[in-house]
file protein-v9.tsv (TSV, C-alpha atoms)
chain	number	residue	atom	x	y	z
A	1	MET	CA	155.34	-5.57	140.49
A	2	ILE	CA	154.40	-2.09	141.65
A	3	GLU	CA	158.01	-1.37	142.57
A	4	LYS	CA	159.13	-2.45	139.11
A	5	ASN	CA	156.64	-0.27	137.33
A	6	GLY	CA	157.65	2.65	139.51
A	7	GLY	CA	161.28	2.12	138.57
A	8	SER	CA	160.37	1.99	134.90
A	9	ARG	CA	158.46	5.24	135.18
A	10	GLY	CA	161.40	6.87	136.96
A	11	ARG	CA	163.87	5.74	134.30
A	12	ALA	CA	161.53	6.95	131.56
A	13	ALA	CA	161.20	10.33	133.22
A	14	ASN	CA	164.97	10.65	133.51
A	15	THR	CA	165.33	9.69	129.86
A	16	ARG	CA	162.79	12.35	128.81
A	17	ALA	CA	164.51	14.99	130.92
A	18	ALA	CA	167.92	14.13	129.47
A	19	ALA	CA	166.48	14.21	125.97
A	20	GLY	CA	164.94	17.57	126.66
A	21	ARG	CA	168.26	19.00	127.82
A	22	SER	CA	170.25	17.43	124.98
A	23	SER	CA	167.84	18.85	122.41
A	24	GLY	CA	168.16	22.36	123.86
A	25	ARG	CA	164.65	22.35	125.34
A	26	SER	CA	165.02	23.15	129.03
A	27	ILE	CA	162.83	21.79	131.81
A	28	MET	CA	161.27	23.78	134.64
A	29	ARG	CA	163.91	22.77	137.20
A	30	ASP	CA	166.64	24.22	134.99
A	31	VAL	CA	164.76	27.50	134.80
A	32	ALA	CA	164.35	27.51	138.58
A	33	ALA	CA	168.06	26.90	139.12
A	34	ARG	CA	169.05	29.64	136.66
A	35	ALA	CA	166.69	32.16	138.27
A	36	GLY	CA	167.56	31.12	141.82
A	37	VAL	CA	163.97	30.29	142.76
A	38	SER	CA	161.87	27.20	143.40
A	39	ALA	CA	160.15	25.20	140.69
A	40	GLN	CA	156.86	26.22	142.31
A	41	THR	CA	157.72	29.89	141.74
A	42	VAL	CA	158.47	29.15	138.08
A	43	SER	CA	155.09	27.47	137.82
A	44	ARG	CA	153.40	30.49	139.36
A	45	VAL	CA	155.04	32.82	136.84
A	46	ILE	CA	154.04	30.58	133.94
A	47	ASN	CA	150.45	30.46	135.20
A	48	GLY	CA	150.23	34.21	135.79
A	49	HIS	CA	149.81	33.99	139.56
A	50	PRO	CA	149.52	37.53	141.01
A	51	TYR	CA	151.53	36.76	144.18
A	52	VAL	CA	154.98	36.96	142.57
A	53	ALA	CA	157.28	39.95	143.13
A	54	ASP	CA	158.08	41.91	139.96
A	55	ASP	CA	161.84	41.36	140.21
A	56	THR	CA	161.34	37.63	140.78
A	57	ARG	CA	158.98	37.41	137.81
A	58	GLN	CA	161.53	39.18	135.61
A	59	ARG	CA	164.34	36.81	136.73
A	60	VAL	CA	162.22	33.81	135.84
A	61	LEU	CA	161.22	35.22	132.45
A	62	THR	CA	164.86	36.07	131.70
A	63	ALA	CA	165.94	32.54	132.63
A	64	MET	CA	163.23	31.10	130.38
A	65	ARG	CA	164.50	33.15	127.45
A	66	GLU	CA	168.15	32.26	128.12
A	67	LEU	CA	167.37	28.53	128.36
A	68	ASP	CA	164.87	28.62	125.48
A	69	TYR	CA	162.17	27.19	127.72
A	70	GLN	CA	159.14	26.50	125.52
A	71	ARG	CA	155.78	26.70	127.22
A	72	ASN	CA	153.06	24.42	125.91
A	73	PRO	CA	149.78	26.38	126.00
A	74	ALA	CA	147.68	23.33	125.15
A	75	ALA	CA	149.20	21.25	127.95
A	76	ARG	CA	148.90	24.11	130.40
A	77	ALA	CA	145.23	24.56	129.53
A	78	LEU	CA	144.55	20.87	130.16
A	79	VAL	CA	146.19	20.98	133.59
A	80	THR	CA	145.05	24.40	134.81
A	81	ARG	CA	141.90	24.80	132.72
A	82	ARG	CA	143.31	28.22	131.82
A	83	SER	CA	144.43	29.32	128.36
A	84	GLY	CA	147.09	31.79	129.47
A	85	THR	CA	145.65	34.29	126.97
A	86	LEU	CA	144.09	37.68	127.65
A	87	GLY	CA	141.91	39.61	125.24
A	88	ILE	CA	142.39	43.32	124.64
A	89	ILE	CA	139.78	45.45	122.90
A	90	GLY	CA	141.58	48.41	121.36
A	91	TYR	CA	140.41	51.51	119.55
A	92	GLU	CA	141.68	52.30	116.05
A	93	SER	CA	142.88	55.85	116.54
A	94	PRO	CA	145.87	58.04	115.68
A	95	LEU	CA	145.52	59.72	119.07
A	96	TYR	CA	148.44	59.36	121.45
A	97	GLY	CA	146.38	58.26	124.47
A	98	PRO	CA	144.50	55.20	123.14
A	99	THR	CA	147.53	53.96	121.20
A	100	SER	CA	149.82	54.30	124.21
A	101	MET	CA	147.29	52.52	126.43
A	102	LEU	CA	147.16	49.56	124.03
A	103	TYR	CA	150.95	49.16	123.96
A	104	ALA	CA	151.17	49.54	127.74
A	105	ILE	CA	148.53	46.88	128.47
A	106	GLU	CA	149.99	44.47	125.95
A	107	GLY	CA	153.48	44.92	127.38
A	108	ALA	CA	152.30	44.43	130.97
A	109	ALA	CA	150.44	41.25	130.03
A	110	ARG	CA	153.43	39.76	128.22
A	111	SER	CA	155.72	40.63	131.15
A	112	ALA	CA	153.33	38.73	133.43
A	113	GLY	CA	153.64	35.64	131.23
A	114	TYR	CA	150.38	35.93	129.30
A	115	PHE	CA	149.73	35.63	125.61
A	116	VAL	CA	147.70	38.48	124.17
A	117	SER	CA	145.01	38.63	121.52
A	118	VAL	CA	143.93	42.07	120.31
A	119	ALA	CA	140.66	43.05	118.64
A	120	SER	CA	140.46	46.66	117.44
A	121	VAL	CA	137.23	48.55	116.90
A	122	ARG	CA	136.73	51.49	114.58
A	123	HIS	CA	133.63	52.88	116.26
A	124	LEU	CA	133.04	53.57	119.95
A	125	ASP	CA	129.63	51.94	120.08
A	126	ARG	CA	127.90	48.97	121.68
A	127	ARG	CA	127.75	46.75	118.59
A	128	SER	CA	131.46	47.07	117.87
A	129	VAL	CA	132.40	46.12	121.44
A	130	LEU	CA	130.01	43.15	121.49
A	131	ASP	CA	131.46	41.83	118.22
A	132	ALA	CA	135.05	42.27	119.42
A	133	ALA	CA	134.33	40.57	122.74
A	134	ASP	CA	132.58	37.68	121.00
A	135	TRP	CA	135.60	37.17	118.72
A	136	LEU	CA	137.96	37.12	121.70
A	137	ARG	CA	135.76	34.76	123.73
A	138	ARG	CA	135.91	32.24	120.89
A	139	GLN	CA	139.68	32.18	121.48
A	140	SER	CA	139.12	31.05	125.08
A	141	VAL	CA	140.65	34.17	126.62
A	142	GLU	CA	140.72	34.21	130.41
A	143	GLY	CA	139.74	37.88	130.72
A	144	LEU	CA	139.11	41.08	128.80
A	145	ILE	CA	140.64	44.54	129.01
A	146	ALA	CA	138.97	47.23	126.94
A	147	ILE	CA	140.24	50.71	126.13
A	148	ALA	CA	136.99	52.56	126.67
A	149	PRO	CA	137.04	56.33	126.10
A	150	LYS	CA	133.25	56.52	126.36
A	151	PRO	CA	130.72	55.08	128.85
A	152	ALA	CA	128.84	53.24	126.10
A	153	MET	CA	131.86	51.00	125.59
A	154	ALA	CA	132.06	50.15	129.28
A	155	GLY	CA	128.39	49.28	129.38
A	156	ALA	CA	128.76	47.08	126.30
A	157	LEU	CA	131.74	45.30	127.88
A	158	ALA	CA	129.72	44.55	131.01
A	159	GLU	CA	127.09	43.00	128.79
A	160	ALA	CA	129.57	41.09	126.63
A	161	ALA	CA	131.77	39.75	129.43
A	162	GLY	CA	129.07	37.38	130.66
A	163	GLY	CA	130.86	36.48	133.88
A	164	LEU	CA	134.34	36.70	132.36
A	165	ALA	CA	136.87	38.83	134.25
A	166	ALA	CA	136.93	42.29	132.67
A	167	VAL	CA	138.51	45.73	133.12
A	168	THR	CA	138.08	49.03	131.30
A	169	VAL	CA	140.89	51.53	130.81
A	170	GLY	CA	140.21	55.19	130.11
A	171	GLY	CA	137.43	57.65	130.74
A	172	GLY	CA	134.50	55.35	130.07
A	173	CYS	CA	133.57	53.33	133.15
A	174	SER	CA	130.67	51.34	134.52
A	175	ASP	CA	129.72	50.35	138.06
A	176	GLU	CA	129.62	46.74	136.85
A	177	ILE	CA	133.22	46.63	135.57
A	178	ALA	CA	136.52	47.39	137.31
A	179	SER	CA	138.40	50.31	135.75
A	180	ALA	CA	141.86	51.87	135.66
A	181	GLN	CA	142.00	55.56	134.80
A	182	ILE	CA	144.15	58.64	134.76
A	183	ASP	CA	142.92	61.19	137.31
A	184	ASN	CA	142.11	63.88	134.77
A	185	VAL	CA	140.61	66.20	137.39
A	186	ALA	CA	143.82	66.19	139.42
A	187	GLY	CA	145.91	66.63	136.27
A	188	ALA	CA	143.91	69.66	135.16
A	189	ARG	CA	144.26	71.17	138.63
A	190	LEU	CA	148.00	70.72	138.37
A	191	ALA	CA	148.19	72.55	135.05
A	192	THR	CA	145.93	75.41	136.15
A	193	ARG	CA	147.54	75.88	139.57
A	194	HIS	CA	150.97	75.94	137.94
A	195	LEU	CA	149.96	78.83	135.69
A	196	LEU	CA	148.29	80.70	138.54
A	197	ASP	CA	151.34	80.22	140.76
A	198	LEU	CA	153.48	81.76	138.03
A	199	GLY	CA	151.46	84.95	138.47
A	200	HIS	CA	148.78	84.80	135.77
A	201	ALA	CA	145.48	86.42	136.75
A	202	THR	CA	143.45	83.61	135.17
A	203	VAL	CA	143.79	80.69	132.76
A	204	HIS	CA	141.84	80.04	129.58
A	205	HIS	CA	141.03	76.46	128.57
A	206	VAL	CA	140.75	74.85	125.13
A	207	SER	CA	138.79	71.68	125.80
A	208	GLY	CA	138.57	68.24	124.27
A	209	PRO	CA	135.41	66.94	122.55
A	210	ASP	CA	132.29	67.38	124.66
A	211	ASP	CA	131.26	63.70	124.45
A	212	TRP	CA	134.50	62.35	126.00
A	213	PRO	CA	134.56	61.94	129.80
A	214	GLU	CA	138.27	62.84	129.90
A	215	ALA	CA	137.48	66.23	128.39
A	216	ALA	CA	134.71	66.90	130.92
A	217	GLU	CA	136.98	65.88	133.80
A	218	ARG	CA	139.73	68.23	132.62
A	219	ILE	CA	137.23	71.09	132.44
A	220	ARG	CA	136.13	70.26	135.97
A	221	GLY	CA	139.68	70.27	137.35
A	222	TRP	CA	140.45	73.57	135.58
A	223	ARG	CA	137.35	75.23	137.02
A	224	GLU	CA	137.98	73.90	140.51
A	225	ALA	CA	141.53	75.27	140.53
A	226	LEU	CA	140.38	78.73	139.37
A	227	ARG	CA	137.55	78.91	141.88
A	228	SER	CA	139.76	77.71	144.70
A	229	ALA	CA	142.21	80.52	143.92
A	230	GLY	CA	139.46	83.12	143.58
A	231	ALA	CA	140.44	83.72	139.95
A	232	PRO	CA	137.99	84.65	137.17
A	233	VAL	CA	136.59	81.65	135.28
A	234	PRO	CA	136.53	82.36	131.51
A	235	ALA	CA	134.19	80.58	129.14
A	236	VAL	CA	135.45	77.22	127.91
A	237	VAL	CA	136.93	77.36	124.42
A	238	PRO	CA	135.39	74.30	122.69
A	239	GLY	CA	137.71	71.94	120.87
A	240	ASP	CA	138.70	68.35	120.24
A	241	TRP	CA	142.05	66.60	120.43
A	242	ASN	CA	143.55	67.88	117.16
A	243	ALA	CA	146.23	70.44	116.26
A	244	SER	CA	144.05	71.98	113.55
A	245	THR	CA	141.41	72.90	116.13
A	246	GLY	CA	144.10	74.28	118.43
A	247	TYR	CA	145.27	76.50	115.60
A	248	GLN	CA	141.77	77.77	114.81
A	249	GLN	CA	140.95	78.55	118.42
A	250	GLY	CA	144.45	79.92	118.91
A	251	GLU	CA	143.80	82.59	116.28
A	252	ARG	CA	140.86	83.85	118.32
A	253	LEU	CA	142.73	83.71	121.63
A	254	ALA	CA	145.76	85.45	120.13
A	255	ALA	CA	143.58	88.43	119.21
A	256	ASP	CA	142.61	88.98	122.86
A	257	PRO	CA	145.34	90.96	124.68
A	258	ASP	CA	143.94	89.88	128.06
A	259	VAL	CA	144.84	86.24	127.39
A	260	THR	CA	148.16	85.47	129.08
A	261	ALA	CA	147.79	81.78	129.97
A	262	VAL	CA	146.13	78.85	128.18
A	263	PHE	CA	145.68	75.27	129.35
A	264	CYS	CA	144.97	72.90	126.44
A	265	ALA	CA	143.24	69.54	126.91
A	266	SER	CA	145.85	67.78	124.74
A	267	ASP	CA	149.38	68.34	123.52
A	268	GLN	CA	148.15	68.35	119.93
A	269	LEU	CA	145.78	71.23	120.71
A	270	ALA	CA	148.72	73.04	122.27
A	271	LEU	CA	150.81	72.47	119.15
A	272	GLY	CA	148.21	74.19	116.97
A	273	LEU	CA	147.84	76.98	119.51
A	274	LEU	CA	151.59	77.63	119.54
A	275	ARG	CA	151.60	78.12	115.79
A	276	ALA	CA	148.65	80.51	115.91
A	277	LEU	CA	150.28	82.58	118.64
A	278	HIS	CA	153.55	82.71	116.70
A	279	GLU	CA	151.85	83.88	113.51
A	280	ALA	CA	149.96	86.55	115.47
A	281	GLY	CA	153.20	87.87	116.96
A	282	ARG	CA	152.35	86.73	120.51
A	283	ARG	CA	155.54	85.39	122.12
A	284	VAL	CA	155.49	82.20	124.18
A	285	PRO	CA	156.02	82.38	127.12
A	286	GLU	CA	156.75	86.13	127.37
A	287	ASP	CA	153.25	87.15	126.22
A	288	VAL	CA	151.25	83.92	126.60
A	289	SER	CA	152.08	80.80	128.61
A	290	VAL	CA	150.82	77.44	127.32
A	291	VAL	CA	150.37	74.09	129.08
A	292	GLY	CA	149.22	70.86	127.41
A	293	PHE	CA	147.96	67.48	128.62
A	294	ASP	CA	149.37	64.06	127.65
A	295	GLY	CA	153.11	64.39	128.02
A	296	THR	CA	153.85	63.19	124.50
A	297	PRO	CA	157.57	62.63	123.87
A	298	ASP	CA	157.38	65.07	120.94
A	299	GLY	CA	156.36	67.85	123.32
A	300	ALA	CA	159.99	68.28	124.34
A	301	HIS	CA	160.74	69.30	120.74
A	302	PHE	CA	157.95	71.87	120.28
A	303	LEU	CA	159.04	75.48	119.92
A	304	PRO	CA	159.26	76.33	122.74
A	305	PRO	CA	159.35	72.94	124.53
A	306	LEU	CA	155.90	72.30	125.96
A	307	THR	CA	154.98	72.19	129.62
A	308	SER	CA	152.50	69.33	129.93
A	309	VAL	CA	150.65	67.00	132.29
A	310	ARG	CA	152.28	63.61	131.70
A	311	GLN	CA	150.24	60.43	131.78
A	312	ASP	CA	152.23	57.35	132.79
A	313	PHE	CA	150.70	54.83	130.40
A	314	ALA	CA	153.15	52.07	131.34
A	315	GLU	CA	151.96	52.26	134.95
A	316	LEU	CA	148.34	52.45	133.78
A	317	GLY	CA	148.88	49.22	131.85
A	318	ARG	CA	150.32	47.50	134.92
A	319	ARG	CA	147.45	48.67	137.10
A	320	SER	CA	144.78	47.54	134.65
A	321	LEU	CA	146.43	44.13	134.46
A	322	GLY	CA	146.57	44.00	138.25
A	323	LEU	CA	142.83	44.61	138.44
A	324	LEU	CA	142.24	41.76	136.00
A	325	LEU	CA	144.63	39.31	137.69
A	326	ALA	CA	142.95	39.98	141.03
A	327	GLN	CA	139.72	38.69	139.52
A	328	LEU	CA	141.54	35.66	138.07
A	329	ASP	CA	143.25	34.73	141.34
A	330	PRO	CA	142.02	31.14	141.95
A	331	ALA	CA	142.63	31.40	145.69
A	332	GLY	CA	140.65	34.60	145.94
A	333	GLN	CA	143.32	36.12	148.16
A	334	THR	CA	143.98	39.23	146.07
A	335	PRO	CA	141.85	42.26	147.07
A	336	VAL	CA	139.59	43.19	144.16
A	337	ARG	CA	139.23	46.91	143.64
A	338	ARG	CA	136.59	48.44	141.43
A	339	ARG	CA	138.50	51.55	140.44
A	340	ASP	CA	142.16	52.53	140.30
A	341	LEU	CA	142.98	56.21	139.71
A	342	LEU	CA	146.50	57.11	138.62
A	343	VAL	CA	147.45	60.72	139.40
A	344	PRO	CA	149.64	62.25	136.65
A	345	GLU	CA	152.55	64.65	137.08
A	346	LEU	CA	153.33	68.05	135.59
A	347	VAL	CA	156.53	68.31	133.56
A	348	SER	CA	157.56	71.94	133.33
A	349	ARG	CA	159.42	73.19	130.28
A	350	ARG	CA	159.84	76.59	128.61
A	351	SER	CA	156.31	77.22	127.32
A	352	ALA	CA	155.08	78.53	130.69
A	353	ALA	CA	156.60	81.35	132.77
A	354	THR	CA	155.87	84.43	134.84
A	355	PRO	CA	154.02	87.00	132.68
A	356	GLY	CA	156.49	89.18	130.77
A	357	SER	CA	159.52	87.02	131.56
A	358	VAL	CA	161.57	84.50	129.63
A	359	GLY	CA	160.61	81.00	130.77
A	360	ARG	CA	163.18	78.76	132.36
A	361	PRO	CA	162.73	74.97	132.73
A	362	LEU	CA	161.64	73.83	136.19
A	363	ARG	CA	161.70	70.45	137.86
A	364	ALA	CA	158.92	67.94	137.34
A	365	LEU	CA	156.19	68.76	139.83
A	366	ARG	CA	154.57	65.89	141.70
A	367	PRO	CA	150.81	66.08	142.34
A	368	ALA	CA	151.17	66.27	146.10
A	369	SER	CA	153.07	69.52	145.80
A	370	LEU	CA	150.29	71.32	144.00
A	371	ILE	CA	146.96	69.76	144.89
A	372	GLY	CA	145.41	71.15	148.02

call {"tool": "encode", "arguments": {"input": "protein-v9.tsv", "output": "C-alpha cells"}}
result
Amino acid sequence: MIEKNGGSRGRAANTRAAAGRSSGRSIMRDVAARAGVSAQTVSRVINGHPYVADDTRQRVLTAMRELDYQRNPAARALVTRRSGTLGIIGYESPLYGPTSMLYAIEGAARSAGYFVSVASVRHLDRRSVLDAADWLRRQSVEGLIAIAPKPAMAGALAEAAGGLAAVTVGGGCSDEIASAQIDNVAGARLATRHLLDLGHATVHHVSGPDDWPEAAERIRGWREALRSAGAPVPAVVPGDWNASTGYQQGERLAADPDVTAVFCASDQLALGLLRALHEAGRRVPEDVSVVGFDGTPDGAHFLPPLTSVRQDFAELGRRSLGLLLAQLDPAGQTPVRRRDLLVPELVSRRSAATPGSVGRPLRALRPASLIG
C-alpha cells in the first residue's frame, strides 16, 4: 500500500513537471542545468543567501530570465518564513547623491534576487522615518535600508526597526545601526592634496550645509590636508549643495586675487563657481583651479571639464546590501560589521592645473597614492 502511494506521488510529480515545461514555466532543475550549477545553488540565489559568488548568482539569474522561471513569493514565504522583500527608505531630493544611492541600493537588491519596496520621505526628521518604516513593516519586509543624510534619521531607524535587520547609508549614522558610507574625510584630503601638489599655496573651500555630516567631514579632510602640508588654512566659505550658492560665493572669491585654488563640497557648487569666475574674467585653470565632489557624469561636460572626487554609488549599494544580508544570514556565518567606509577616487580633468598654466587631463588618482 505504501509502495503504491509512493508510485502515485512519483507519477503525479512527473506529470506536474512535464506540464510545467510544456506550458513554458521552467522548474528549478532546468535553471540549474542552464546555469551549470546545482539545484541547491539555485535555491540559495532565490532565497538571497549571502554565500553565493557574484558571477554564479548572475548566471543563475540569467538562466531564470531565459527560461522564464517564475518565483512564487507566497510559496517561498510559507517554506522559508521569509518574504524575499527588502524595504528602502529614500529621501525625496533632486540632489545627485541621495538619488544615486537609492538607484544603487535598489539595483543591488534586485541583482541579489530580492523584491524591493520603497518609501520616500520629504523631511529628514524622526516622524517621517517612523511612518515610512511602519508602512514597510506592514508589507512584511525582511530588512530595512535607509538613506540617512542626518543623524536624526539613523536614530529614528534604530527606534523603528524594532529588532528588524537595518542599515543606514550616508552621513547620518547611529551606534545601534550598521552603516555604509563614503569616506568624505579621505575624499576631501584627496581634492586638497591634489591642488597643493599642483603648486598652489593654499586651497579655499566652499562647504555644504552646516547641518549635514558629509559637509562637516569634507571640511575636516580639507583642513587636515592643509595643516599636514603646512599651508595656510583660510576661513570656510559657507554654502549648501546648490549651483546658485556656488555662483554667489564665487563672485566674492573671484574678487580676491590671492585665490588660486578652490575645493567645492559638491559638483553643483563648482558649476556655479565656474560661471562666477568666467564672468569676472578669472580663467580656469590658468588663474583659478577648481575641484568638486560627487563625480557627477555631467561634470565631464562643464567648461572646462571638472576635476572631482567621484563617489562609487553602485559599490556603496552593494556594500549596504552586504551589511543587511549578513544580519539576515540564518546560519549566522557571515561576519557582521557595524560600519563600512568606501574611499572615493579623484578624477582629474582640465579644471585644475599648476598656477598660470593650461591644465591638461591627468589619470584618475587612487586614494592610496595621495593619502599619507

call {"tool": "atom_distance", "arguments": {"input": "protein-v9.tsv", "atom1": "atom CA of A:Ile27", "atom2": "atom CA of A:Leu325"}}
result
25.9 Å

call {"tool": "atom_distance", "arguments": {"input": "protein-v9.tsv", "atom1": "atom CA of A:Leu136", "atom2": "atom CA of A:Arg110"}}
result
17.0 Å

call {"tool": "atom_distance", "arguments": {"input": "protein-v9.tsv", "atom1": "atom CA of A:Pro149", "atom2": "atom CA of A:Thr192"}}
result
23.3 Å

call {"tool": "closest_residue", "arguments": {"input": "protein-v9.tsv", "among": "A:Val237, A:Val60, A:Leu157, A:Leu277", "to": "A:Pro209", "atoms": "only C-alpha atoms"}}
result
A:Val237

call {"tool": "residues_around", "arguments": {"input": "protein-v9.tsv", "residues": "A:Ala243", "least_positions_apart": "3", "cutoff": "12 Å", "atoms": "only C-alpha atoms", "output": "ChimeraX atom specification"}}
result
/A:95,206,208,239-240,246-250,264-276,292

call {"tool": "residues_around", "arguments": {"input": "protein-v9.tsv", "residues": "A:Thr85", "least_positions_apart": "6", "cutoff": "10 Å", "atoms": "only C-alpha atoms", "output": "list in words"}}
result
Gly48, Pro73, Ala109, Arg110, Gly113, Tyr114, Phe115, Val116, Ser117, Leu136, Gln139, Ser140, Val141, Glu142, Gly143 and Leu144 of chain A

call {"tool": "closest_residue", "arguments": {"input": "protein-v9.tsv", "among": "A:Ala231, A:Ile88, A:Val185, A:Ile105", "to": "A:His200", "atoms": "all atoms listed in the file"}}
result
A:Ala231

call {"tool": "closest_residue", "arguments": {"input": "protein-v9.tsv", "among": "A:Glu224, A:Glu176, A:Asp256, A:Glu345", "to": "A:Gly295", "atoms": "all atoms listed in the file"}}
result
A:Glu345

call {"tool": "axis_aligned_box", "arguments": {"input": "protein-v9.tsv", "around": "stretch 213-226 of chain A", "padding_each_side": "6 Å", "output": "JSON"}}
result
{"center_x": 138.0, "center_y": 70.3, "center_z": 134.5, "size_x": 19.0, "size_y": 28.8, "size_z": 24.1}

call {"tool": "closest_residue", "arguments": {"input": "protein-v9.tsv", "among": "A:Gly170, A:Pro285, A:Pro234, A:Gly356", "to": "A:Thr307", "atoms": "only C-alpha atoms"}}
result
A:Pro285

call {"tool": "residues_around", "arguments": {"input": "protein-v9.tsv", "residues": "A:Gln311", "least_positions_apart": "4", "cutoff": "9 Å", "atoms": "all atoms listed in the file", "output": "CSV table (one decimal) with C-alpha atoms, keeping the file's coordinate frame"}}
result
chain,number,residue,atom,x,y,z
A,97,GLY,CA,146.4,58.3,124.5
A,182,ILE,CA,144.2,58.6,134.8
A,187,GLY,CA,145.9,66.6,136.3
A,293,PHE,CA,148.0,67.5,128.6
A,294,ASP,CA,149.4,64.1,127.6
A,295,GLY,CA,153.1,64.4,128.0
A,296,THR,CA,153.8,63.2,124.5
A,315,GLU,CA,152.0,52.3,135.0
A,316,LEU,CA,148.3,52.4,133.8
A,342,LEU,CA,146.5,57.1,138.6
A,343,VAL,CA,147.4,60.7,139.4
A,344,PRO,CA,149.6,62.2,136.6
A,345,GLU,CA,152.6,64.6,137.1

call {"tool": "residues_around", "arguments": {"input": "protein-v9.tsv", "residues": "A:Asp30", "least_positions_apart": "3", "cutoff": "10 Å", "atoms": "only C-alpha atoms", "output": "PyMOL selection string"}}
result
chain A and resi 21+26-27+33-36+39+63-64+67+69

call {"tool": "residues_around", "arguments": {"input": "protein-v9.tsv", "residues": "A:Val291", "least_positions_apart": "3", "cutoff": "8 Å", "atoms": "all atoms listed in the file", "output": "list in words"}}
result
Ala191, Val262, Phe263, Cys264, Ala270, Leu306, Thr307, Ser308, Val309, Ser351 and Ala352 of chain A

call {"tool": "residues_near_point", "arguments": {"input": "protein-v9.tsv", "point": "(126.6, 63.6, 120.7)", "cutoff": "12 Å", "atoms": "all atoms listed in the file", "output": "list of chain:residue names"}}
result
A:Leu124, A:Lys150, A:Ala152, A:Pro209, A:Asp210, A:Asp211, A:Trp212

call {"tool": "closest_residue", "arguments": {"input": "protein-v9.tsv", "among": "A:Ala225, A:Ile89, A:Leu130, A:Ile145", "to": "A:Arg189", "atoms": "only C-alpha atoms"}}
result
A:Ala225

call {"tool": "build_atoms", "arguments": {"input": "protein-v9.tsv", "residues": "stretch 262-274 of chain A", "atoms": "N, CA and C atoms", "output": "mmCIF file, in the frame of the given file"}}
result
data_model
loop_
_atom_site.group_PDB
_atom_site.id
_atom_site.type_symbol
_atom_site.label_atom_id
_atom_site.label_comp_id
_atom_site.auth_asym_id
_atom_site.auth_seq_id
_atom_site.Cartn_x
_atom_site.Cartn_y
_atom_site.Cartn_z
ATOM 1 N N VAL A 262 147.097 79.777 128.777
ATOM 2 C CA VAL A 262 146.130 78.850 128.180
ATOM 3 C C VAL A 262 146.514 77.422 128.564
ATOM 4 N N PHE A 263 145.530 76.700 129.069
ATOM 5 C CA PHE A 263 145.680 75.270 129.350
ATOM 6 C C PHE A 263 144.911 74.511 128.280
ATOM 7 N N CYS A 264 145.597 73.668 127.515
ATOM 8 C CA CYS A 264 144.970 72.900 126.440
ATOM 9 C C CYS A 264 144.723 71.466 126.899
ATOM 10 N N ALA A 265 143.618 70.889 126.466
ATOM 11 C CA ALA A 265 143.240 69.540 126.910
ATOM 12 C C ALA A 265 144.095 68.453 126.298
ATOM 13 N N SER A 266 144.927 68.765 125.306
ATOM 14 C CA SER A 266 145.850 67.780 124.740
ATOM 15 C C SER A 266 147.082 68.507 124.215
ATOM 16 N N ASP A 267 148.154 67.759 124.064
ATOM 17 C CA ASP A 267 149.380 68.340 123.520
ATOM 18 C C ASP A 267 149.199 68.743 122.065
ATOM 19 N N GLN A 268 148.374 68.005 121.330
ATOM 20 C CA GLN A 268 148.150 68.350 119.930
ATOM 21 C C GLN A 268 147.402 69.680 119.811
ATOM 22 N N LEU A 269 146.429 69.916 120.681
ATOM 23 C CA LEU A 269 145.780 71.230 120.710
ATOM 24 C C LEU A 269 146.796 72.322 120.983
ATOM 25 N N ALA A 270 147.694 72.048 121.924
ATOM 26 C CA ALA A 270 148.720 73.040 122.270
ATOM 27 C C ALA A 270 149.647 73.302 121.097
ATOM 28 N N LEU A 271 149.949 72.288 120.318
ATOM 29 C CA LEU A 271 150.810 72.470 119.150
ATOM 30 C C LEU A 271 150.190 73.452 118.152
ATOM 31 N N GLY A 272 148.896 73.262 117.873
ATOM 32 C CA GLY A 272 148.210 74.190 116.970
ATOM 33 C C GLY A 272 148.140 75.584 117.550
ATOM 34 N N LEU A 273 147.915 75.683 118.839
ATOM 35 C CA LEU A 273 147.840 76.980 119.510
ATOM 36 C C LEU A 273 149.176 77.719 119.425
ATOM 37 N N LEU A 274 150.272 77.010 119.614
ATOM 38 C CA LEU A 274 151.590 77.630 119.540
ATOM 39 C C LEU A 274 151.842 78.249 118.172
#
